[in-house]
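Asker: My structure file entry.pdb, PDB, C-alpha atoms, pLDDT in the B column, is below:
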ATOM      1  CA  ARG A1451       1.116  12.724 -18.783  1.00 45.00           C
ATOM      2  CA  THR A1452      -0.072  13.179 -15.209  1.00 40.00           C
ATOM      3  CA  GLN A1453      -1.091  16.707 -14.294  1.00 36.00           C
ATOM      4  CA  GLN A1454       0.897  17.565 -11.181  1.00 38.00           C
ATOM      5  CA  VAL A1455      -1.022  19.306  -8.416  1.00 34.00           C
ATOM      6  CA  THR A1456       0.722  21.110  -5.583  1.00 33.00           C
ATOM      7  CA  THR A1457      -2.134  21.055  -3.060  1.00 37.00           C
ATOM      8  CA  SER A1458      -1.173  19.563   0.297  1.00 42.00           C
ATOM      9  CA  ASP A1459      -3.798  19.068   2.993  1.00 48.00           C
ATOM     10  CA  LYS A1460      -3.821  17.775   6.564  1.00 46.00           C
ATOM     11  CA  THR A1461      -5.724  14.857   8.046  1.00 44.00           C
ATOM     12  CA  ASP A1462      -7.339  15.074  11.464  1.00 43.00           C
ATOM     13  CA  GLY A1463      -4.268  13.302  12.820  1.00 41.00           C
ATOM     14  CA  GLY A1464      -1.979  16.051  11.558  1.00 37.00           C
ATOM     15  CA  SER A1465      -0.113  14.024   8.915  1.00 53.00           C
ATOM     16  CA  ALA A1466      -0.218  15.310   5.356  1.00 81.00           C
ATOM     17  CA  THR A1467      -2.623  13.749   2.867  1.00 90.00           C
ATOM     18  CA  THR A1468      -1.428  15.019  -0.495  1.00 91.00           C
ATOM     19  CA  LEU A1469      -3.162  15.200  -3.855  1.00 95.00           C
ATOM     20  CA  ILE A1470      -0.271  14.313  -6.129  1.00 93.00           C
ATOM     21  CA  GLY A1471      -2.004  14.311  -9.496  1.00 93.00           C
ATOM     22  CA  THR A1472      -5.048  13.754 -11.684  1.00 94.00           C
ATOM     23  CA  TYR A1473      -5.386  11.649 -14.798  1.00 95.00           C
ATOM     24  CA  ASP A1474      -8.473  10.907 -16.900  1.00 95.00           C
ATOM     25  CA  GLY A1475     -10.923  11.412 -14.031  1.00 95.00           C
ATOM     26  CA  ILE A1476      -8.721   9.642 -11.477  1.00 97.00           C
ATOM     27  CA  HIS A1477      -7.482  11.700  -8.511  1.00 97.00           C
ATOM     28  CA  VAL A1478      -4.328  10.243  -6.956  1.00 97.00           C
ATOM     29  CA  PHE A1479      -3.618  10.776  -3.246  1.00 97.00           C
ATOM     30  CA  ASN A1480      -0.632   9.954  -1.068  1.00 96.00           C
ATOM     31  CA  LYS A1481      -2.127   8.619   2.179  1.00 96.00           C
ATOM     32  CA  PRO A1482      -0.169   8.766   5.439  1.00 94.00           C
ATOM     33  CA  ALA A1483       0.361   5.683   7.588  1.00 94.00           C
ATOM     34  CA  GLY A1484      -2.242   5.374  10.340  1.00 92.00           C
ATOM     35  CA  LEU A1485      -5.216   6.665   8.338  1.00 94.00           C
ATOM     36  CA  ALA A1486      -7.939   4.164   7.419  1.00 95.00           C
ATOM     37  CA  ILE A1487      -9.506   4.237   3.946  1.00 96.00           C
ATOM     38  CA  HIS A1488     -13.146   3.755   5.020  1.00 94.00           C
ATOM     39  CA  GLN A1489     -15.161   4.066   8.214  1.00 91.00           C
ATOM     40  CA  THR A1490     -14.247   1.665  10.999  1.00 86.00           C
ATOM     41  CA  SER A1491     -16.179   0.508  14.056  1.00 85.00           C
ATOM     42  CA  ASP A1492     -14.041   2.629  16.385  1.00 85.00           C
ATOM     43  CA  GLY A1493     -14.939   5.847  14.565  1.00 83.00           C
ATOM     44  CA  ALA A1494     -11.305   6.711  13.826  1.00 86.00           C
ATOM     45  CA  PRO A1495     -10.528   9.297  11.113  1.00 91.00           C
ATOM     46  CA  ASN A1496     -10.613   7.866   7.607  1.00 95.00           C
ATOM     47  CA  LEU A1497      -9.792   9.071   4.113  1.00 96.00           C
ATOM     48  CA  ASP A1498     -13.315   8.761   2.684  1.00 96.00           C
ATOM     49  CA  ASP A1499     -14.896  10.944   5.383  1.00 95.00           C
ATOM     50  CA  TRP A1500     -12.016  13.392   5.161  1.00 94.00           C
ATOM     51  CA  LEU A1501     -12.512  13.797   1.403  1.00 96.00           C
ATOM     52  CA  GLN A1502     -16.188  14.641   1.903  1.00 95.00           C
ATOM     53  CA  GLY A1503     -15.220  17.331   4.411  1.00 94.00           C
ATOM     54  CA  GLN A1504     -12.931  19.131   1.949  1.00 94.00           C
ATOM     55  CA  PRO A1505     -14.745  21.416  -0.551  1.00 95.00           C
ATOM     56  CA  ALA A1506     -12.123  20.775  -3.238  1.00 94.00           C
ATOM     57  CA  HIS A1507     -12.378  16.985  -2.867  1.00 96.00           C
ATOM     58  CA  ARG A1508     -16.045  16.466  -2.011  1.00 96.00           C
ATOM     59  CA  GLY A1509     -17.597  13.680  -4.065  1.00 97.00           C
ATOM     60  CA  LEU A1510     -14.357  11.770  -4.495  1.00 98.00           C
ATOM     61  CA  HIS A1511     -14.328   8.225  -3.133  1.00 97.00           C
ATOM     62  CA  PRO A1512     -11.498   5.675  -2.855  1.00 97.00           C
ATOM     63  CA  VAL A1513     -11.622   2.925  -5.479  1.00 97.00           C
ATOM     64  CA  HIS A1514      -9.670   0.314  -3.510  1.00 95.00           C
ATOM     65  CA  ARG A1515      -8.441  -0.694  -0.069  1.00 92.00           C
ATOM     66  CA  LEU A1516      -5.084   0.045   1.542  1.00 94.00           C
ATOM     67  CA  ASP A1517      -4.217  -1.134   5.040  1.00 93.00           C
ATOM     68  CA  LYS A1518      -4.471   1.544   7.717  1.00 94.00           C
ATOM     69  CA  GLY A1519      -0.810   1.132   8.612  1.00 94.00           C
ATOM     70  CA  THR A1520       0.375   1.312   5.000  1.00 96.00           C
ATOM     71  CA  SER A1521       1.113   4.703   3.476  1.00 96.00           C
ATOM     72  CA  GLY A1522       1.070   5.666  -0.165  1.00 96.00           C
ATOM     73  CA  LEU A1523      -0.896   5.732  -3.358  1.00 97.00           C
ATOM     74  CA  VAL A1524      -4.698   5.704  -3.307  1.00 98.00           C
ATOM     75  CA  LEU A1525      -6.859   6.081  -6.436  1.00 98.00           C
ATOM     76  CA  THR A1526     -10.132   7.989  -6.100  1.00 98.00           C
ATOM     77  CA  ALA A1527     -12.815   9.209  -8.514  1.00 98.00           C
ATOM     78  CA  ARG A1528     -16.086  11.145  -8.463  1.00 97.00           C
ATOM     79  CA  ASP A1529     -17.829   9.438 -11.350  1.00 96.00           C
ATOM     80  CA  ARG A1530     -19.415   6.093 -10.471  1.00 96.00           C
ATOM     81  CA  GLU A1531     -18.648   4.648 -13.891  1.00 97.00           C
ATOM     82  CA  LYS A1532     -14.997   5.641 -13.576  1.00 97.00           C
ATOM     83  CA  ARG A1533     -14.791   3.992 -10.161  1.00 97.00           C
ATOM     84  CA  ALA A1534     -16.282   0.818 -11.632  1.00 97.00           C
ATOM     85  CA  GLU A1535     -13.807   0.932 -14.521  1.00 97.00           C
ATOM     86  CA  VAL A1536     -10.779   1.294 -12.253  1.00 97.00           C
ATOM     87  CA  SER A1537     -12.124  -1.366  -9.898  1.00 95.00           C
ATOM     88  CA  GLY A1538     -12.376  -3.697 -12.881  1.00 96.00           C
ATOM     89  CA  TRP A1539      -8.733  -3.045 -13.765  1.00 95.00           C
ATOM     90  CA  LEU A1540      -7.712  -3.935 -10.237  1.00 93.00           C
ATOM     91  CA  MET A1541      -9.859  -7.070 -10.107  1.00 90.00           C
ATOM     92  CA  SER A1542      -8.339  -8.323 -13.366  1.00 92.00           C
ATOM     93  CA  HIS A1543      -4.797  -7.427 -12.200  1.00 89.00           C
ATOM     94  CA  SER A1544      -4.412  -5.010 -15.129  1.00 94.00           C
ATOM     95  CA  VAL A1545      -2.766  -2.431 -12.847  1.00 94.00           C
ATOM     96  CA  GLU A1546       0.873  -3.099 -11.946  1.00 94.00           C
ATOM     97  CA  LYS A1547       1.356  -2.152  -8.297  1.00 94.00           C
ATOM     98  CA  THR A1548       4.753  -1.675  -6.665  1.00 97.00           C
ATOM     99  CA  TYR A1549       5.538  -1.168  -2.988  1.00 97.00           C
ATOM    100  CA  LEU A1550       8.508  -0.197  -0.857  1.00 97.00           C
ATOM    101  CA  ALA A1551       9.021  -2.451   2.163  1.00 97.00           C
ATOM    102  CA  LEU A1552      11.381  -2.115   5.095  1.00 95.00           C
ATOM    103  CA  VAL A1553      11.972  -5.584   6.548  1.00 95.00           C
ATOM    104  CA  TYR A1554      13.969  -7.218   9.317  1.00 93.00           C
ATOM    105  CA  GLY A1555      17.134  -9.044   8.278  1.00 93.00           C
ATOM    106  CA  ARG A1556      19.387  -9.016   5.237  1.00 95.00           C
ATOM    107  CA  THR A1557      17.506 -10.347   2.230  1.00 96.00           C
ATOM    108  CA  ARG A1558      18.728 -11.922  -0.991  1.00 96.00           C
ATOM    109  CA  GLN A1559      19.328  -9.624  -3.965  1.00 96.00           C
ATOM    110  CA  LYS A1560      15.978 -10.665  -5.416  1.00 97.00           C
ATOM    111  CA  GLY A1561      13.391 -13.366  -5.010  1.00 97.00           C
ATOM    112  CA  VAL A1562       9.956 -14.699  -5.935  1.00 97.00           C
ATOM    113  CA  ILE A1563       7.574 -16.017  -3.283  1.00 96.00           C
ATOM    114  CA  ARG A1564       4.882 -18.366  -4.540  1.00 95.00           C
ATOM    115  CA  ARG A1565       2.814 -19.596  -1.633  1.00 93.00           C
ATOM    116  CA  ALA A1566      -0.943 -20.030  -1.365  1.00 93.00           C
ATOM    117  CA  LEU A1567      -2.619 -17.913   1.319  1.00 93.00           C
ATOM    118  CA  LYS A1568      -5.815 -18.878   3.098  1.00 87.00           C
ATOM    119  CA  ASP A1569      -8.752 -16.688   2.165  1.00 85.00           C
ATOM    120  CA  GLY A1570     -11.095 -16.255   5.120  1.00 75.00           C
ATOM    121  CA  ARG A1571     -14.124 -15.374   2.995  1.00 76.00           C
ATOM    122  CA  ARG A1572     -13.752 -18.322   0.626  1.00 77.00           C
ATOM    123  CA  GLY A1573     -12.489 -20.667   3.321  1.00 77.00           C
ATOM    124  CA  ARG A1574      -9.663 -22.088   1.237  1.00 85.00           C
ATOM    125  CA  PRO A1575      -6.100 -21.210   0.169  1.00 87.00           C
ATOM    126  CA  LEU A1576      -5.639 -19.093  -2.957  1.00 88.00           C
ATOM    127  CA  GLN A1577      -2.521 -18.883  -5.087  1.00 91.00           C
ATOM    128  CA  ALA A1578      -0.378 -15.807  -4.436  1.00 92.00           C
ATOM    129  CA  GLU A1579       2.858 -14.480  -5.917  1.00 94.00           C
ATOM    130  CA  THR A1580       5.154 -11.756  -4.562  1.00 96.00           C
ATOM    131  CA  ARG A1581       8.380 -10.577  -6.193  1.00 97.00           C
ATOM    132  CA  TYR A1582      11.017  -8.489  -4.448  1.00 98.00           C
ATOM    133  CA  ARG A1583      14.315  -6.796  -5.206  1.00 98.00           C
ATOM    134  CA  THR A1584      16.683  -5.518  -2.521  1.00 97.00           C
ATOM    135  CA  LEU A1585      17.591  -1.845  -2.822  1.00 95.00           C
ATOM    136  CA  ASP A1586      19.852  -1.732   0.226  1.00 94.00           C
ATOM    137  CA  SER A1587      20.691  -3.603   3.415  1.00 94.00           C
ATOM    138  CA  GLU A1588      22.091  -1.997   6.525  1.00 91.00           C
ATOM    139  CA  GLY A1589      22.572  -3.625   9.906  1.00 89.00           C
ATOM    140  CA  GLN A1590      19.540  -5.768  10.658  1.00 89.00           C
ATOM    141  CA  TYR A1591      17.271  -4.160   8.027  1.00 92.00           C
ATOM    142  CA  SER A1592      16.701  -4.328   4.266  1.00 95.00           C
ATOM    143  CA  LEU A1593      14.782  -1.968   1.976  1.00 96.00           C
ATOM    144  CA  LEU A1594      12.917  -3.748  -0.829  1.00 97.00           C
ATOM    145  CA  VAL A1595      10.976  -2.959  -3.985  1.00 98.00           C
ATOM    146  CA  VAL A1596       8.035  -5.363  -3.989  1.00 98.00           C
ATOM    147  CA  SER A1597       5.499  -6.203  -6.709  1.00 96.00           C
ATOM    148  CA  ILE A1598       2.528  -8.523  -6.465  1.00 92.00           C
ATOM    149  CA  GLY A1599       1.007 -10.681  -9.176  1.00 80.00           C
ATOM    150  CA  THR A1600      -2.102 -11.287  -7.061  1.00 82.00           C
ATOM    151  CA  GLY A1601      -3.961  -9.190  -4.522  1.00 82.00           C
ATOM    152  CA  ARG A1602      -4.605 -11.357  -1.495  1.00 87.00           C
ATOM    153  CA  LYS A1603      -5.355  -9.807   1.890  1.00 88.00           C
ATOM    154  CA  HIS A1604      -2.144  -8.745   3.665  1.00 94.00           C
ATOM    155  CA  GLN A1605      -0.233 -10.616   0.952  1.00 95.00           C
ATOM    156  CA  ILE A1606       3.106  -8.820   1.220  1.00 96.00           C
ATOM    157  CA  ARG A1607       3.060  -8.881   5.014  1.00 96.00           C
ATOM    158  CA  ARG A1608       2.213 -12.591   5.151  1.00 95.00           C
ATOM    159  CA  HIS A1609       4.687 -13.597   2.461  1.00 97.00           C
ATOM    160  CA  MET A1610       7.583 -11.641   3.977  1.00 96.00           C
ATOM    161  CA  GLU A1611       6.887 -13.165   7.384  1.00 95.00           C
ATOM    162  CA  GLY A1612       6.845 -16.575   5.711  1.00 95.00           C
ATOM    163  CA  ILE A1613      10.449 -16.239   4.451  1.00 96.00           C
ATOM    164  CA  GLY A1614      11.721 -14.950   7.781  1.00 94.00           C
ATOM    165  CA  HIS A1615      11.811 -11.229   6.922  1.00 95.00           C
ATOM    166  CA  PRO A1616       8.702  -9.635   8.468  1.00 95.00           C
ATOM    167  CA  ILE A1617       7.859  -6.007   7.751  1.00 95.00           C
ATOM    168  CA  VAL A1618       9.312  -3.628  10.322  1.00 93.00           C
ATOM    169  CA  GLY A1619       6.649  -2.550  12.802  1.00 91.00           C
ATOM    170  CA  ASP A1620       4.204  -5.334  11.910  1.00 93.00           C
ATOM    171  CA  THR A1621       2.828  -6.576  15.229  1.00 90.00           C
ATOM    172  CA  ARG A1622       0.465  -9.057  13.550  1.00 92.00           C
ATOM    173  CA  TYR A1623       2.796 -10.828  11.120  1.00 93.00           C
ATOM    174  CA  ARG A1624       5.992 -10.443  13.095  1.00 90.00           C
ATOM    175  CA  GLY A1625       7.464 -13.957  12.807  1.00 85.00           C
ATOM    176  CA  ARG A1626       9.753 -14.670  15.735  1.00 79.00           C
ATOM    177  CA  LYS A1627      10.253 -11.017  16.596  1.00 73.00           C
ATOM    178  CA  ARG A1628       9.107 -10.104  20.084  1.00 73.00           C
ATOM    179  CA  LYS A1629       5.984  -7.954  20.061  1.00 72.00           C
ATOM    180  CA  GLU A1630       7.506  -5.332  22.368  1.00 71.00           C
ATOM    181  CA  MET A1631      10.493  -4.920  20.024  1.00 71.00           C
ATOM    182  CA  VAL A1632       8.313  -4.617  16.918  1.00 73.00           C
ATOM    183  CA  ALA A1633       6.068  -2.096  18.657  1.00 72.00           C
ATOM    184  CA  LYS A1634       9.036   0.281  19.059  1.00 80.00           C
ATOM    185  CA  ALA A1635       9.027   0.977  15.298  1.00 85.00           C
ATOM    186  CA  PRO A1636       7.498   4.395  14.515  1.00 86.00           C
ATOM    187  CA  ARG A1637       5.161   2.888  11.892  1.00 91.00           C
ATOM    188  CA  LEU A1638       4.545  -0.093   9.620  1.00 94.00           C
ATOM    189  CA  GLY A1639       7.383  -0.217   7.089  1.00 95.00           C
ATOM    190  CA  LEU A1640       5.207  -0.583   3.982  1.00 97.00           C
ATOM    191  CA  HIS A1641       4.460   2.057   1.334  1.00 97.00           C
ATOM    192  CA  SER A1642       2.338   1.813  -1.815  1.00 97.00           C
ATOM    193  CA  TRP A1643       4.793   3.473  -4.165  1.00 97.00           C
ATOM    194  CA  MET A1644       3.694   3.157  -7.785  1.00 96.00           C
ATOM    195  CA  ALA A1645       0.900   1.990 -10.081  1.00 96.00           C
ATOM    196  CA  VAL A1646       1.042   1.528 -13.850  1.00 96.00           C
ATOM    197  CA  LEU A1647      -2.380   1.752 -15.504  1.00 96.00           C
ATOM    198  CA  PRO A1648      -3.403  -0.434 -18.469  1.00 95.00           C
ATOM    199  CA  ASP A1649      -2.537   2.359 -20.934  1.00 95.00           C
ATOM    200  CA  GLY A1650       1.001   2.649 -19.516  1.00 96.00           C
ATOM    201  CA  GLN A1651       0.379   5.772 -17.408  1.00 95.00           C
ATOM    202  CA  ARG A1652       2.651   5.644 -14.343  1.00 96.00           C
ATOM    203  CA  LEU A1653       1.441   7.118 -11.045  1.00 96.00           C
ATOM    204  CA  VAL A1654       3.939   7.607  -8.220  1.00 96.00           C
ATOM    205  CA  ALA A1655       3.486   8.447  -4.524  1.00 96.00           C
ATOM    206  CA  PRO A1656       6.849   9.471  -2.997  1.00 93.00           C
ATOM    207  CA  PRO A1657       7.575   7.860   0.391  1.00 92.00           C
ATOM    208  CA  GLY A1658       7.748  10.070   3.454  1.00 83.00           C
ATOM    209  CA  GLY A1659      10.933  10.793   5.320  1.00 76.00           C
ATOM    210  CA  GLU A1660       9.697   8.856   8.358  1.00 71.00           C
ATOM    211  CA  LEU A1661      10.073   5.652   6.330  1.00 75.00           C
ATOM    212  CA  ILE A1662      13.213   6.149   4.239  1.00 70.00           C
ATOM    213  CA  GLY A1663      14.879   8.442   6.768  1.00 67.00           C
ATOM    214  CA  TRP A1664      14.410   5.919   9.564  1.00 59.00           C
ATOM    215  CA  PHE A1665      16.215   3.304   7.476  1.00 56.00           C
TER     216      PHE A1665
END
Mind turning this structure into structure tokens?
Answerer:
Amino acid sequence: RTQQVTTSDKTDGGSATTLIGTYDGIHVFNKPAGLAIHQTSDGAPNLDDWLQGQPAHRGLHPVHRLDKGTSGLVLTARDREKRAEVSGWLMSHSVEKTYLALVYGRTRQKGVIRRALKDGRRGRPLQAETRYRTLDSEGQYSLLVVSIGTGRKHQIRRHMEGIGHPIVGDTRYRGRKRKEMVAKAPRLGLHSWMAVLPDGQRLVAPPGGELIGWF
């Protein structure tokens, strides 16, 4: 049901930002790793500013956050009411979000992590749940499909560190991995892969070769 669009554009950093489809006023982009969603204090390139600089995309604005180092699916919309509607879906956890994660170590076939995470804004721990399934393990790495039942800040990164399998390339939540070793990774090994909307519409952002190919 998603209209596929073949347009592929470039960010200021040279990595492709691709419009992968539109659905009911929602424009779905595949963001490269290293591109922020909104303006940052250091003035680095960001997706929102980039959209306003493209005639075909002007007026679109991201509906949600995605870590700078994480690649993958970003939902945008022009209409303010549509952005509010989608934001409401996300706040109520009505959108099923799935990620691909490349982690250190050989993980179990599947697992559920239920561990409260401290929320800096509220000043107290909040319940959080992360589910994962191992797609493949090779050497000292595993490739996982990860879904989250809650949307806490850096939830996947914090939970994977907590079970001894930090995300490849994560210098902040690296567990016992030496910072200089983690820094050798070409990027953060986390990709926002798929979202299922409340009406069942499935939106998919294919991972780049720099993630899967490196594994």
Asker: Pick out the closest residue to Glu1611 in chain A from this set: A:Pro1575, A:Gly1555, A:Pro1512, A:Gly1475. Count all atoms listed in the file.
Answerer: A:Gly1555
Asker: Between A:Arg1558, A:Arg1528, A:Lys1547, A:His1615, which is the closest to Val1646 in chain A once you count all atoms listed in the file?
Answerer: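 Smallest separation from Val1646 in chain A among the options: A:Lys1547.
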Asker: From the options A:Ser1597, A:Ser1642, A:Ser1537, A:Ser1587, which residue's atoms come nearest to Val1562 in chain A, counting only C-alpha atoms?
Answerer: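 Comparing A:Ser1597, A:Ser1642, A:Ser1537, A:Ser1587 against Val1562 in chain A, the winner is A:Ser1597.
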Asker: May I ask for the distance between CA of Val1553 in chain A and CA of Trp1643 in chain A, given in Å to one decimal place?
Answerer: 15.8 Å
Asker: Hey, which of A:Thr1621, A:Gln1502, A:Gln1577, A:Thr1468 ends up closest to Ala1635 in chain A? Count all atoms listed in the file.
Answerer: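 So, comparing all the options, the nearest one is A:Thr1621.
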Asker: Using all atoms listed in the file, what table do you get, as a tab-separated table, when you list each residue of range 1497-1604 of chain A with an atom no more than 6 Å from range 1485-1491 of chain A, its nearest pair of atoms, and their distance in Å rounded to one decimal, rows by chain then rising number?
Answerer:
residue	atom	partner	partner_atom	distance
A:Leu1497	CA	A:Ile1487	CA	4.8
A:Asp1498	CA	A:His1488	CA	5.5
A:Lys1518	CA	A:Ala1486	CA	4.4
Asker: Write to file, as a compact mmCIF listing (two decimals), in the frame of the given file, the residues of the selection just made, with C-alpha atoms.
Answerer:
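That gives us part-v1.txt:
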# COMPACT_ATOMS: atom_id res chain seq x y z
CA LEU A 1497 -9.79 9.07 4.11
CA ASP A 1498 -13.32 8.76 2.68
CA LYS A 1518 -4.47 1.54 7.72
Asker: Expanded to explicit residues, what is the PyMOL selection byres ((chain A and resi 1470) around 6) for this file, as a VMD selection string?
Answerer: chain A and resid 1455 1468 to 1469 1471 1478 to 1479
Asker: What is the CA of Asn1480 in chain A-CA of Pro1656 in chain A distance in Å, reported with one decimal?
Answerer: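 Those two atoms sit 7.7 Å apart.
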Asker: For Arg1533 in chain A, find every residue with an atom within 8 Å (counting only C-alpha atoms), except residues of its own chain fewer than 6 positions away, and show them as an NGL selection string.
Answerer: :A and (1513 or 1526-1527)
Asker: Please dump the current selection as a PDB file, keeping the file's coordinate frame; keep C-alpha atoms.
Answerer:
ATOM      1  CA  VAL A1513     -11.622   2.925  -5.479  1.00 97.00           C
ATOM      2  CA  THR A1526     -10.132   7.989  -6.100  1.00 98.00           C
ATOM      3  CA  ALA A1527     -12.815   9.209  -8.514  1.00 98.00           C
TER       4      ALA A1527
END
Asker: Give the centre and edge lengths of an axis-aligned box, in Å to one decimal, that holds all listed atoms of range 1546-1561 of chain A with 6 Å on each side, as AutoDock Vina command-line options.
Answerer:
--center_x 10.1 --center_y -6.8 --center_z -1.3 --size_x 30.5 --size_y 25.2 --size_z 33.3
Asker: Between A:Glu1535, A:Ile1662, A:Ala1566, A:Glu1546, which residue has the minimum interatomic distance to Leu1594 in chain A, considering only C-alpha atoms?
Answerer: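 Among A:Glu1535, A:Ile1662, A:Ala1566, A:Glu1546, it is A:Ile1662 that comes nearest to Leu1594 in chain A.
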Asker: Taking the file as shown, what set of residues would the PyMOL selection byres ((chain A and resi 1592) around 9) give back, as a list of chain:residue names?
Answerer: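 Taken on the displayed file, the PyMOL selection byres ((chain A and resi 1592) around 9) yields the residues A:Ala1551, A:Leu1552, A:Val1553, A:Tyr1554, A:Gly1555, A:Arg1556, A:Thr1557, A:Thr1584, A:Leu1585, A:Asp1586, A:Ser1587, A:Glu1588, A:Gly1589, A:Gln1590, A:Tyr1591, A:Leu1593, A:Leu1594, A:His1615, A:Phe1665.
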Asker: Would you mind reading off the distance between CA of Ile1617 in chain A and CA of Lys1481 in chain A, one decimal, in Å?
Answerer: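 Distance between the two atoms: 18.6 Å.
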Asker: Pick the closest to Val1618 in chain A from A:Ala1466, A:Leu1525, A:Leu1567, A:Ala1633: which is it, counting all atoms listed in the file?
Answerer: A:Ala1633
Asker: Please return range 1649-1655 of chain A, rebuilt to all heavy atoms, as a compact mmCIF listing (two decimals), in the coordinates of the input.
Answerer:
# COMPACT_ATOMS: atom_id res chain seq x y z
N ASP A 1649 -3.03 1.61 -19.76
CA ASP A 1649 -2.54 2.36 -20.93
C ASP A 1649 -1.07 2.77 -20.80
O ASP A 1649 -0.54 3.49 -21.64
CB ASP A 1649 -3.40 3.59 -21.20
CG ASP A 1649 -3.32 4.64 -20.09
OD1 ASP A 1649 -2.64 4.38 -19.07
OD2 ASP A 1649 -3.94 5.71 -20.23
N GLY A 1650 -0.41 2.33 -19.71
CA GLY A 1650 1.00 2.65 -19.52
C GLY A 1650 1.26 3.86 -18.65
O GLY A 1650 2.42 4.16 -18.32
N GLN A 1651 0.20 4.60 -18.27
CA GLN A 1651 0.38 5.77 -17.41
C GLN A 1651 0.92 5.35 -16.05
O GLN A 1651 0.37 4.45 -15.40
CB GLN A 1651 -0.94 6.50 -17.21
CG GLN A 1651 -0.87 7.67 -16.23
CD GLN A 1651 0.02 8.79 -16.72
OE1 GLN A 1651 0.07 9.07 -17.91
NE2 GLN A 1651 0.69 9.44 -15.80
N ARG A 1652 2.01 5.98 -15.62
CA ARG A 1652 2.65 5.64 -14.34
C ARG A 1652 2.31 6.70 -13.30
O ARG A 1652 2.51 7.89 -13.52
CB ARG A 1652 4.16 5.56 -14.54
CG ARG A 1652 4.94 5.20 -13.29
CD ARG A 1652 6.40 4.96 -13.60
NE ARG A 1652 6.59 3.85 -14.52
CZ ARG A 1652 7.78 3.35 -14.84
NH1 ARG A 1652 8.87 3.86 -14.34
NH2 ARG A 1652 7.85 2.32 -15.67
N LEU A 1653 1.81 6.25 -12.16
CA LEU A 1653 1.44 7.12 -11.04
C LEU A 1653 2.35 6.79 -9.87
O LEU A 1653 2.49 5.62 -9.50
CB LEU A 1653 -0.03 6.90 -10.66
CG LEU A 1653 -1.05 7.00 -11.80
CD1 LEU A 1653 -2.43 6.58 -11.32
CD2 LEU A 1653 -1.10 8.41 -12.37
N VAL A 1654 2.94 7.82 -9.27
CA VAL A 1654 3.94 7.61 -8.22
C VAL A 1654 3.60 8.42 -6.98
O VAL A 1654 3.27 9.61 -7.07
CB VAL A 1654 5.35 7.99 -8.72
CG1 VAL A 1654 6.38 7.80 -7.61
CG2 VAL A 1654 5.73 7.17 -9.95
N ALA A 1655 3.67 7.79 -5.81
CA ALA A 1655 3.49 8.45 -4.52
C ALA A 1655 4.81 8.39 -3.77
O ALA A 1655 5.19 7.32 -3.28
CB ALA A 1655 2.39 7.76 -3.72
